[in-house]
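Engineer: Coordinates in protein34.cif, mmCIF, C-alpha atoms, are listed below.
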```
data_model
#
loop_
_atom_site.label_atom_id
_atom_site.label_comp_id
_atom_site.auth_asym_id
_atom_site.auth_seq_id
_atom_site.Cartn_x
_atom_site.Cartn_y
_atom_site.Cartn_z
CA MET A 1 7.80 -8.66 4.51
CA TYR A 2 8.55 -6.20 1.73
CA PHE A 3 11.72 -6.06 -0.30
CA ARG A 4 13.03 -2.68 -1.39
CA SER A 5 15.51 -3.20 -4.17
CA VAL A 6 14.67 -2.31 -7.74
CA ALA A 7 11.77 -3.68 -9.75
CA ALA A 8 9.19 -2.43 -12.19
CA ALA A 9 6.20 -3.68 -14.15
CA THR A 10 4.43 -3.53 -17.46
CA ALA A 11 0.82 -2.59 -18.09
CA LEU A 12 -2.47 -4.19 -17.35
CA VAL A 13 -3.93 -6.48 -19.99
CA SER A 14 -7.60 -7.30 -19.62
CA PHE A 15 -10.35 -9.32 -21.24
CA SER A 16 -13.85 -10.39 -20.27
CA PHE A 17 -15.46 -13.75 -19.90
CA GLY A 18 -18.90 -15.00 -18.97
CA LEU A 19 -19.96 -18.19 -17.26
CA PRO A 20 -23.57 -19.26 -17.25
CA ASP A 21 -25.54 -18.91 -14.05
CA THR A 22 -28.28 -21.48 -13.64
CA ALA A 23 -30.74 -18.91 -12.33
CA THR A 24 -30.08 -15.86 -14.50
CA GLY A 25 -28.04 -17.14 -17.43
CA GLN A 26 -25.17 -14.82 -16.44
CA SER A 27 -22.18 -15.13 -14.15
CA LYS A 28 -22.45 -13.01 -11.00
CA THR A 29 -18.82 -13.41 -9.91
CA ALA A 30 -15.60 -12.04 -11.34
CA ALA A 31 -12.01 -13.20 -11.58
CA ILE A 32 -8.49 -11.76 -11.75
CA SER A 33 -5.79 -13.85 -13.38
CA GLY A 34 -2.34 -13.19 -14.72
CA ARG A 35 1.31 -14.06 -14.66
CA VAL A 36 4.65 -12.83 -13.37
CA VAL A 37 7.54 -12.76 -15.85
CA SER A 38 11.10 -11.49 -16.02
CA ALA A 39 12.23 -8.59 -18.19
CA ASP A 40 12.96 -11.14 -20.93
CA GLY A 41 9.47 -12.64 -20.67
CA ASP A 42 10.52 -15.82 -18.84
CA PRO A 43 7.93 -17.06 -16.31
CA VAL A 44 8.68 -16.54 -12.62
CA ALA A 45 7.47 -19.48 -10.54
CA GLY A 46 6.83 -19.18 -6.81
CA ALA A 47 6.23 -15.42 -6.75
CA ARG A 48 3.77 -14.43 -4.01
CA VAL A 49 0.68 -12.68 -5.38
CA GLN A 50 -1.96 -11.29 -3.06
CA ILE A 51 -5.15 -9.26 -3.08
CA LEU A 52 -4.40 -6.81 -0.29
CA ASN A 53 -7.95 -5.77 0.60
CA LEU A 54 -9.07 -9.44 0.82
CA ARG A 55 -5.83 -10.85 2.26
CA LYS A 56 -5.90 -13.65 -0.32
CA THR A 57 -2.50 -14.97 -1.33
CA GLN A 58 -1.26 -17.38 -4.00
CA ALA A 59 2.09 -18.49 -5.37
CA THR A 60 2.60 -18.49 -9.12
CA ASP A 61 2.80 -21.91 -10.77
CA SER A 62 5.58 -23.33 -12.94
CA VAL A 63 4.62 -21.05 -15.84
CA GLY A 64 4.29 -17.96 -13.64
CA ARG A 65 0.49 -17.85 -13.61
CA PHE A 66 -2.06 -17.18 -10.86
CA LEU A 67 -5.86 -17.00 -10.63
CA PHE A 68 -8.26 -15.47 -8.11
CA ALA A 69 -11.77 -16.70 -8.91
CA ASP A 70 -15.23 -16.19 -7.38
CA LEU A 71 -14.63 -12.52 -6.58
CA LYS A 72 -17.39 -10.03 -5.96
CA PRO A 73 -17.54 -7.15 -8.46
CA GLY A 74 -15.40 -4.24 -7.27
CA SER A 75 -11.89 -2.82 -7.10
CA TYR A 76 -8.96 -4.85 -5.80
CA ARG A 77 -5.32 -4.01 -5.08
CA VAL A 78 -3.22 -6.88 -6.46
CA GLU A 79 0.44 -7.08 -5.48
CA ALA A 80 3.23 -9.38 -6.62
CA ASN A 81 6.22 -9.96 -4.35
CA LEU A 82 9.50 -11.41 -5.57
CA LEU A 83 12.49 -12.13 -3.38
CA GLY A 84 14.96 -9.24 -3.53
CA MET A 85 12.71 -6.89 -5.49
CA SER A 86 10.19 -4.20 -4.66
CA PRO A 87 6.52 -5.25 -4.74
CA LEU A 88 4.69 -4.64 -8.02
CA SER A 89 1.11 -3.46 -7.67
CA ALA A 90 -2.02 -2.77 -9.72
CA LEU A 91 -5.49 -1.51 -8.86
CA ILE A 92 -7.95 -3.64 -10.85
CA THR A 93 -11.71 -3.15 -11.16
CA VAL A 94 -13.88 -6.08 -12.27
CA ASN A 95 -17.58 -6.25 -13.03
CA ALA A 96 -19.94 -9.20 -12.63
CA GLY A 97 -19.07 -11.92 -15.15
CA GLU A 98 -15.75 -10.28 -16.02
CA ARG A 99 -12.20 -11.59 -15.84
CA LYS A 100 -9.16 -9.36 -16.07
CA ASP A 101 -5.69 -10.61 -16.81
CA VAL A 102 -2.63 -8.73 -15.56
CA GLU A 103 1.05 -9.19 -16.29
CA PHE A 104 3.71 -8.19 -13.77
CA ARG A 105 7.11 -7.89 -15.43
CA THR A 106 10.28 -7.25 -13.45
CA ASP A 107 13.15 -5.14 -14.64
CA SER A 108 16.53 -5.41 -12.91
CA LEU A 109 17.37 -1.84 -13.98
CA GLY A 110 14.40 -0.45 -12.09
CA GLN A 111 12.82 1.17 -15.15
CA LEU A 112 9.17 0.98 -16.13
CA LEU A 113 8.83 -1.22 -19.18
CA PRO A 114 6.80 -0.10 -22.21
CA THR A 115 3.03 -0.36 -22.03
CA ILE A 116 1.59 -3.43 -23.76
CA PHE A 117 -1.39 -2.59 -25.94
CA VAL A 118 -3.93 -5.28 -26.65
CA GLU A 119 -6.55 -5.15 -29.37
CA GLY A 120 -9.84 -4.02 -27.87
CA GLU A 121 -8.13 -2.36 -24.88
CA PRO A 122 -7.56 1.29 -25.95
CA GLU A 123 -6.36 2.60 -22.58
CA PRO A 124 -4.50 -0.09 -20.63
CA GLN A 125 -3.56 0.89 -17.09
CA LEU A 126 0.07 1.27 -16.13
CA ILE A 127 1.25 -0.72 -13.13
CA ARG A 128 3.65 1.07 -10.81
CA VAL A 129 5.53 0.29 -7.64
CA LEU A 130 3.66 1.48 -4.55
CA THR A 131 5.28 3.69 -1.95
CA THR A 132 5.71 2.26 1.54
CA PHE A 133 2.98 4.63 2.77
CA GLU A 134 0.50 3.41 0.14
CA ARG A 135 1.26 -0.25 0.80
CA ARG A 136 0.65 0.13 4.52
CA MET A 137 -2.52 2.11 3.93
CA ALA A 138 -3.81 -0.64 1.61
CA HIS A 139 -3.53 -3.14 4.48
CA GLY A 140 -5.88 -0.98 6.53
CA HIS A 141 -4.09 -1.07 9.92
CA GLY A 142 -3.65 2.17 11.85
CA ARG A 143 -4.81 5.63 10.82
CA PHE A 144 -3.53 7.52 7.79
CA ILE A 145 -3.37 11.21 6.93
CA THR A 146 -2.79 11.90 3.24
CA ARG A 147 -1.50 14.95 1.42
CA ASP A 148 -5.10 15.76 0.43
CA ASP A 149 -6.17 15.66 4.10
CA ILE A 150 -3.41 18.10 5.02
CA GLU A 151 -4.31 20.49 2.22
CA LYS A 152 -8.02 20.45 3.17
CA ARG A 153 -7.31 21.10 6.86
CA ASN A 154 -4.42 23.52 6.25
CA PRO A 155 -3.08 23.27 9.83
CA LEU A 156 -0.47 25.58 11.30
CA LYS A 157 1.39 22.56 12.69
CA ILE A 158 1.21 18.90 11.79
CA MET A 159 0.64 18.16 15.48
CA ASP A 160 -2.84 19.64 15.00
CA MET A 161 -3.65 16.92 12.45
CA ILE A 162 -2.62 14.15 14.85
CA ARG A 163 -3.90 15.27 18.24
CA PHE A 164 -7.51 15.52 17.04
CA LEU A 165 -7.64 11.94 15.75
CA PRO A 166 -10.13 9.70 17.63
CA GLY A 167 -8.53 8.15 20.73
CA VAL A 168 -5.44 10.39 20.71
CA ARG A 169 -4.86 12.28 23.98
CA SER A 170 -2.78 15.44 24.06
CA ASP A 171 -1.59 17.78 26.76
CA CYS A 172 -0.39 21.06 25.32
CA ARG A 173 1.21 23.62 27.60
CA GLY A 174 2.68 26.63 25.95
CA PHE A 175 4.59 25.50 22.87
CA VAL A 176 5.05 21.91 24.07
CA CYS A 177 2.53 19.09 23.48
CA GLN A 178 2.63 15.57 24.87
CA LEU A 179 0.83 12.81 22.97
CA ARG A 180 -0.54 9.48 24.10
CA LEU A 181 -1.92 7.10 21.49
CA ASN A 182 -3.20 4.39 23.83
CA HIS A 183 -4.02 3.62 27.46
CA ASP A 184 -0.92 1.61 28.32
CA THR A 185 -0.37 2.02 32.06
CA ARG A 186 3.29 2.90 31.48
CA GLY A 187 2.22 6.11 29.74
CA CYS A 188 4.88 5.92 27.03
CA PRO A 189 5.10 8.55 24.28
CA PRO A 190 4.90 7.24 20.71
CA ALA A 191 7.96 6.31 18.66
CA ILE A 192 8.47 8.88 15.89
CA PHE A 193 9.84 8.12 12.42
CA VAL A 194 10.58 10.48 9.54
CA ASP A 195 11.25 8.89 6.16
CA ASP A 196 11.93 5.54 7.88
CA GLN A 197 14.42 7.04 10.37
CA GLN A 198 13.55 7.16 14.09
CA THR A 199 13.73 10.65 15.53
CA HIS A 200 12.33 12.90 18.29
CA ILE A 201 8.73 14.02 18.79
CA THR A 202 9.74 17.68 18.34
CA VAL A 203 9.65 17.13 14.57
CA LEU A 204 5.83 17.27 14.85
CA ASP A 205 6.18 20.96 15.69
CA ASN A 206 9.27 21.77 13.66
CA THR A 207 8.28 20.23 10.30
CA PRO A 208 5.96 22.49 8.25
CA PRO A 209 2.78 20.77 6.99
CA THR A 210 3.62 21.82 3.42
CA ALA A 211 6.68 19.54 3.59
CA ILE A 212 4.70 16.40 4.50
CA GLU A 213 3.32 13.84 2.05
CA GLY A 214 1.63 11.45 4.49
CA ILE A 215 1.38 10.37 8.14
CA GLU A 216 0.79 6.93 9.69
CA VAL A 217 -0.49 6.59 13.26
CA TYR A 218 -0.42 3.25 15.10
CA ARG A 219 -1.85 2.87 18.60
CA GLY A 220 0.07 -0.22 19.71
CA PRO A 221 2.00 -3.36 18.72
CA SER A 222 -1.01 -5.12 17.17
CA GLU A 223 -1.28 -2.34 14.56
CA THR A 224 2.35 -1.32 14.14
CA PRO A 225 4.30 -2.76 11.15
CA PRO A 226 7.28 -4.91 12.20
CA GLU A 227 9.84 -2.42 10.88
CA LEU A 228 8.43 0.29 13.20
CA ASN A 229 7.71 -1.93 16.19
CA THR A 230 10.54 -0.78 18.45
CA GLU A 231 10.53 -1.09 22.25
CA THR A 232 9.07 2.43 22.49
CA ALA A 233 6.39 1.65 19.91
CA ARG A 234 5.35 -1.51 21.75
CA CYS A 235 4.47 0.68 24.72
CA GLY A 236 3.33 3.98 23.19
CA GLY A 237 2.52 3.22 19.56
CA ALA A 238 4.19 4.83 16.56
CA ILE A 239 3.88 7.79 14.21
CA ALA A 240 5.56 7.60 10.80
CA ILE A 241 5.91 10.77 8.75
CA TRP A 242 6.78 10.86 5.06
CA THR A 243 8.15 14.15 3.78
CA ARG A 244 7.74 15.30 0.21
CA ARG A 245 11.53 15.29 -0.13
CA GLY A 246 11.69 11.68 1.04
CA LYS A 247 8.66 10.44 -0.90
CA ARG A 248 9.44 7.21 -2.73
CA HIS A 249 8.36 6.89 -6.32
CA ASP A 250 9.06 4.21 -8.83
CA PRO A 251 12.09 5.29 -10.85
#
```
Kindly transcribe the structure held in the file into structure tokens.
Structural biologist:
Amino acid sequence: MYFRSVAAATALVSFSFGLPDTATGQSKTAAISGRVVSADGDPVAGARVQILNLRKTQATDSVGRFLFADLKPGSYRVEANLLGMSPLSALITVNAGERKDVEFRTDSLGQLLPTIFVEGEPEPQLIRVLTTFERRMAHGHGRFITRDDIEKRNPLKIMDMIRFLPGVRSDCRGFVCQLRLNHDTRGCPPAIFVDDQQTHITVLDNTPPTAIEGIEVYRGPSETPPELNTETARCGGAIAIWTRRGKRHDP
């Protein structure tokens, strides 16, 4: 579950470490550690921290710290969730034998706090709050069409981006198209959402592609996020559209 009230975060602080490997003399794994603190720097215990692309989750300890060890080298999306606040997120890349330490700092005013510079870290990364679209895409369920995809395809209608996705069936007669996202015997049309508000399928023809920031397509209830899983979506799947006007940024 995600919470959508205000929150923000500081910057990434990183350092490296090495542990001996009995075969090579070097550590082959990596680690991501850190802490969650309030705007005043007080530790936040019990915050839920997860690596989205691995589905690993921890709760911060009494001093607000967490540790993910024995990771393969690569990039990981780390997210901290606090009750009543928006998730805080960072994309962290670690190499073999490296440990990076990140601090998530909340701010009840919803403003990004100043970047923390650490000696030896000339360009620390800024952590920002993810949009709903980005958070869902990070979990990997469903199909996602980004702004870049739309610009590359340059369709006349956004319907043209959806009906050619694998597994999507369309029946277009004249100016009207019917979509089916799955093979449910009831033959239900998908539930349609624009900027988190349920609406009618005609928006797929009436909304110009230049006005759209991203599209989510879910084939059935096993893929659909709980907040979109209406009775219609449980039968016909769901399509969520995010307009550029309604795009959510951190304040």
Engineer: Suppose a student applies the PyMOL selection byres ((chain A and resi 69) around 12) to this structure; what residues should they get, written as number ranges by chain?
Structural biologist: A: 17, 19, 27-34, 51, 56, 58, 66-68, 70-73, 94, 96-101
Engineer: List the residues selected by the PyMOL selection byres ((chain A and resi 232-240) around 8) in the file shown, writing them as a list in words.
Structural biologist: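 For this structure, the PyMOL selection byres ((chain A and resi 232-240) around 8) resolves to Arg180, Leu181, Asn182, Asp184, Arg186, Gly187, Cys188, Pro189, Pro190, Ala191, Ile192, Phe193, Val194, Asp195, Asp196, Ile215, Glu216, Val217, Tyr218, Arg219, Gly220, Pro221, Thr224, Leu228, Asn229, Thr230, Glu231, Ile241 and Trp242 of chain A.
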Engineer: Report as a short mmCIF file (atom, residue, chain, number, x, y, z; two decimals) with C-alpha atoms, in the coordinates of the input the residues that result from applying the PyMOL selection byres ((chain A and resi 104) around 7) to the structure here.
Structural biologist:
```cif
data_model
loop_
_atom_site.label_atom_id
_atom_site.label_comp_id
_atom_site.auth_asym_id
_atom_site.auth_seq_id
_atom_site.Cartn_x
_atom_site.Cartn_y
_atom_site.Cartn_z
CA ALA A 9 6.20 -3.68 -14.15
CA THR A 10 4.43 -3.53 -17.46
CA ARG A 35 1.31 -14.06 -14.66
CA VAL A 36 4.65 -12.83 -13.37
CA VAL A 37 7.54 -12.76 -15.85
CA LEU A 88 4.69 -4.64 -8.02
CA VAL A 102 -2.63 -8.73 -15.56
CA GLU A 103 1.05 -9.19 -16.29
CA ARG A 105 7.11 -7.89 -15.43
CA THR A 106 10.28 -7.25 -13.45
#
```
Engineer: Calculate how many Å separate atom CA of A:Ser89 from atom CA of A:Gly41, rounding to one decimal.
Structural biologist: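 One can read the atom CA of A:Ser89 to atom CA of A:Gly41 distance as 18.0 Å.
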Engineer: Could you give me, as an mmCIF file with C-alpha atoms, in the coordinates of the input, the residues within 8 Å of A:Pro208, counting all atoms listed in the file and dropping anything in the same chain fewer than 2 positions from it?
Structural biologist:
```cif
data_model
loop_
_atom_site.group_PDB
_atom_site.id
_atom_site.type_symbol
_atom_site.label_atom_id
_atom_site.label_comp_id
_atom_site.auth_asym_id
_atom_site.auth_seq_id
_atom_site.Cartn_x
_atom_site.Cartn_y
_atom_site.Cartn_z
ATOM 1 C CA LEU A 156 -0.470 25.580 11.300
ATOM 2 C CA LYS A 157 1.390 22.560 12.690
ATOM 3 C CA ILE A 158 1.210 18.900 11.790
ATOM 4 C CA ASP A 205 6.180 20.960 15.690
ATOM 5 C CA ASN A 206 9.270 21.770 13.660
ATOM 6 C CA THR A 210 3.620 21.820 3.420
ATOM 7 C CA ALA A 211 6.680 19.540 3.590
ATOM 8 C CA ILE A 212 4.700 16.400 4.500
#
```
Engineer: In Å, with one decimal, what is the gap from atom CA of A:Met137 to atom CA of A:His200?
Structural biologist: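 For atom CA of A:Met137 relative to atom CA of A:His200, the distance reads 23.3 Å.
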Engineer: Of the candidates A:Gly74, A:Pro155, A:Gly64, A:Gly214, which one gets nearest to A:Arg143 if we count only C-alpha atoms?
Structural biologist: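 Distance minimum relative to A:Arg143 lands on A:Gly214.
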Engineer: So that all listed atoms of stretch 157-170 of chain A fit with 3 Å spare on each side, what axis-aligned box centre and edge lengths in Å, to one decimal, would you give as JSON?
Structural biologist:
```
{"center_x": -4.4, "center_y": 15.4, "center_z": 17.9, "size_x": 17.5, "size_y": 20.4, "size_z": 18.3}
```
Engineer: When you look at A:Arg169 with a cut-off of 10 Å (counting all atoms listed in the file), what residues show up, excluding the ones that are within fewer than 3 positions of it in the same chain? I need them as a list in words.
Structural biologist: Ile162, Arg163, Phe164, Leu165, Pro166, Cys172, Gln178, Leu179, Arg180, Leu181, Asn182 and His183 of chain A
Engineer: Of the candidates A:Pro225, A:Gly46, A:Pro209, A:Gly167, which shows the shortest atom-to-atom distance to A:His141, using only C-alpha atoms?
Structural biologist: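 Ranked by minimum distance to A:His141, first place goes to A:Pro225.
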Engineer: Which value, in Å to one decimal, gives the distance between atom CA of A:His139 and atom CA of A:Asn95?
Structural biologist: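 Answer for the atom CA of A:His139 to atom CA of A:Asn95 separation: 22.7 Å.
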Engineer: If you count only C-alpha atoms, which residues fall within 6 Å of A:Asn81, apart from same-chain ones fewer than 4 positions away, as a ChimeraX atom specification?
Structural biologist: /A:47-48,87
